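Colleague: Below is one structure. I have some questions about it.
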Amino acid sequence: MASNSQADATKAQDNPRDEFAKLSWRERISYGAGDLAQNLIFGTIGSMLLFYLTTVYGISAAVGATIFLVVRWVNVFWDPWVGAFVDKHNFKSGKYRPYLIYCGIPMTIFAAMLFLPIDAVRGSIMYAFIAYLATALIYSFVNIPYGALNASLTRDNDEVSTLTTVRMTEANIGNLLVYTFLPLFVQMASPNPQSKDIGFFGIHMNLGDYTSPKAGKAYFLVMGIYMVIGFIMLMCTYFGIKERVLPTAKESAAVKYSDLWVEFKQNKPLQVLGSFFLIGFTFMFFGNTVWPFYMQYNIGHSEWMASINLVGSIPGIFLVFLWPIIRKKIGKRQFFYAFLALFIIGTLVLWVWAMPAFKNATALGYIGRFLQQWGITAATGYMWSLVPEVVSYGEYKSKKRVAGIINAIMGLFFKIGLALGGIIPGYINAFFKFDGTKTSQTSGALMGIQWSMIWLPIIFALIAMWIMSKYTLSDADVKRMNEELNAERQAQLDAGTDEI
């Protein structure tokens with residue numbers, strides 16, 4: 001006989017309008033597969049594209065950074081339009097889910113084309129720009145509806161918290177595959193392999209030169225496999241979840257592009273969380289972008305990158321279950337203070353590691369990366385659990401549920417942060433005369449990499465702490481608003497005036 005909790009979950013699954021549904025584990029895991037998918041598809045771009053463009057592809061660091069900059073400026077105007085479009089339109093098969101199929105296929109193809117290993121396009125600034133622009137534009141039609149799905153599954157705050165831990169566990173499995181195994185797989189497939197100690201229990205592997213112009217086929221092969229797996233994960237999300245908390249037909253018809261500015265102006269928690277997203281993901285992607293450079297040139301042991309990242313991935317996969325426990329013990333804002341401080345400590349350990357006397361001390365690399373990644377994955381991961389309550393706050397104030405628009409705003413801040421994490425280090429590298437054609441760099445170039453890897457992320461982390469101090473939406477506030485909104489919706493249903 002099923003337990004009461006299992007029976008409740010089954011009952012909730014059978015009632016698509018139960019806005020306080022208890023989610024099944026199948027639905028939680030299915031939703032989180034979308035985070036895994038997007039990391040496999042788009043995370044590869046954030047982690048390796050600038051490195052690939054300035055070494056294998058053969059364009060300068062300044063040009064690579066400029067491509068990132070222009071595309072992100074396009075996103076500033078594109079994403080709000082996508083959010084309004086998503087909120088305004090419906091499909092027979094759902095409001096947000098269909099985008100995962102219709103736009104997931106071209107996104108997968110475009111992302112792989114970024115690493116096309118053809119001599120005719122190598123070094124072509126125009127090709128790199130168009131391929132990246134196409135990928136970024138179509139990605140918005142996947143990322144924004146996927147984010148809106150988070151607020152459409154349930155209003156139950158405890159369920160949202162549990163869902164966040166599950167999705168972030170899967171997201172960090174994606175991070176493990178991207179930031180740990182992706183560089184390793186590319187090196188294994190690259191030309192001129194040599195047996196190297198990877199810094200993990202004396203294990204040696206044949207690793208090639210992944211900075212060589214001849215490594216293009218290795219990148220394309222590995223990226224192509226990642227893209228296909230990512231698309232399969234998107235399909236797991238599509239077939240495994242149910243949309244329950246949705247705007248009415250009247251609300252959808254009333255959505256306008258200008259609602260973005262109205263919503264952002266009147267939704268104070270949205271302003272705070274959006275700013276936190278911007279700063280948080282900026283310094284997160286600083287580290288992701290610069291890490292290959294830091295390991296290759298400042299530490300001088302790129303062969304250790306996979307093993308150190310493997311240890312760094314542990315907290316994001318195996319310690320995520322602690323997030324809701326810690327949050328309940330110390331509070332919402334204190335949660336972010338604690339983990340941002342942990343990030344700063346880990347980053348300082350990595351700074352010490354780069355000193356000449358400690359470069360061969362792999363233990364410092366393991367400790368620093370573990371603490372750094374524990375801090376950043378917790379801070380930037382758990383903040384996604386605040387998005388549904390910001391959506392509810394906006395609905396409570398404006399009487400219009402615009403989850404797509406709010407997720408477009410969040411997605412925009414996320415993407416600007418992602419872009420700045422690639423743009424600024426690129427320009428810093430250019431300013432300090434980094435030369436991707438050389439196997440060693442000047443002391444000035446090494447200092448530029450250090451600023452991008454160590455000091456600027458620490459400054460941004462301190463700013464993020466200050467921003468989070470301004471977030472005043474309490475759990476009691478969220479519970480009260482959701483109960484009132486649900487009561488209003490049920491009254492409309494009883495009166496026959498509510499239609500999805």
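Letters A, B, ... go to the chains of the structure tokens in the order shown; residues in each chain start at 1; ligands are counted from 1 in the same order.
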Give the strand (DSSP E or B) residues of range 125-290 of chain A, as assigned by DSSP on the backbone, as a count of residues only.
Modeller: 8
Colleague: With only C-alpha atoms as the basis for distance, which of A:Pro247, A:Pro269, A:Pro388, A:Gly123 is at the shortest distance from Asn90 in chain A?
Modeller: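 Checking each candidate against Asn90 in chain A, we get A:Pro247 as the closest.
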Colleague: Which of range 74-113 of chain A end up as alpha helix (DSSP H) when DSSP is run on this backbone - answer as an MDAnalysis selection string?
Modeller: chainID A and resid 74:88 98:102 104:113
Colleague: Please provide the set of residues having any atom within 8 Å of range 367-373 of chain A, restricted to only C-alpha atoms, with same-chain residues fewer than 3 positions apart removed, written as a list in words.
Modeller: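 In the requested format, the answer is Ile308, Asn309, Val311, Gly312, Ser313, Ile314, Pro315, Gly316, Leu342, Phe343, Ile344, Ile345, Gly346, Thr347, Leu348, Val349, Leu350, Ala363, Leu364, Ile376 and Thr377 of chain A.
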Colleague: Taking 4 positions as the minimum chain separation for residues in the same chain, which residues sit within 10 Å of Ser195 in chain A when counting only C-alpha atoms? Answer as number ranges by chain.
Modeller: A: 203-208, 303
Colleague: Which is closest to Tyr132 in chain A among A:Ala111, A:Ala357, A:Ala476, A:Leu234, if we use only C-alpha atoms?
Modeller: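 Checking each of A:Ala111, A:Ala357, A:Ala476, A:Leu234 against Tyr132 in chain A, counting only C-alpha atoms, the winner is A:Ala111.
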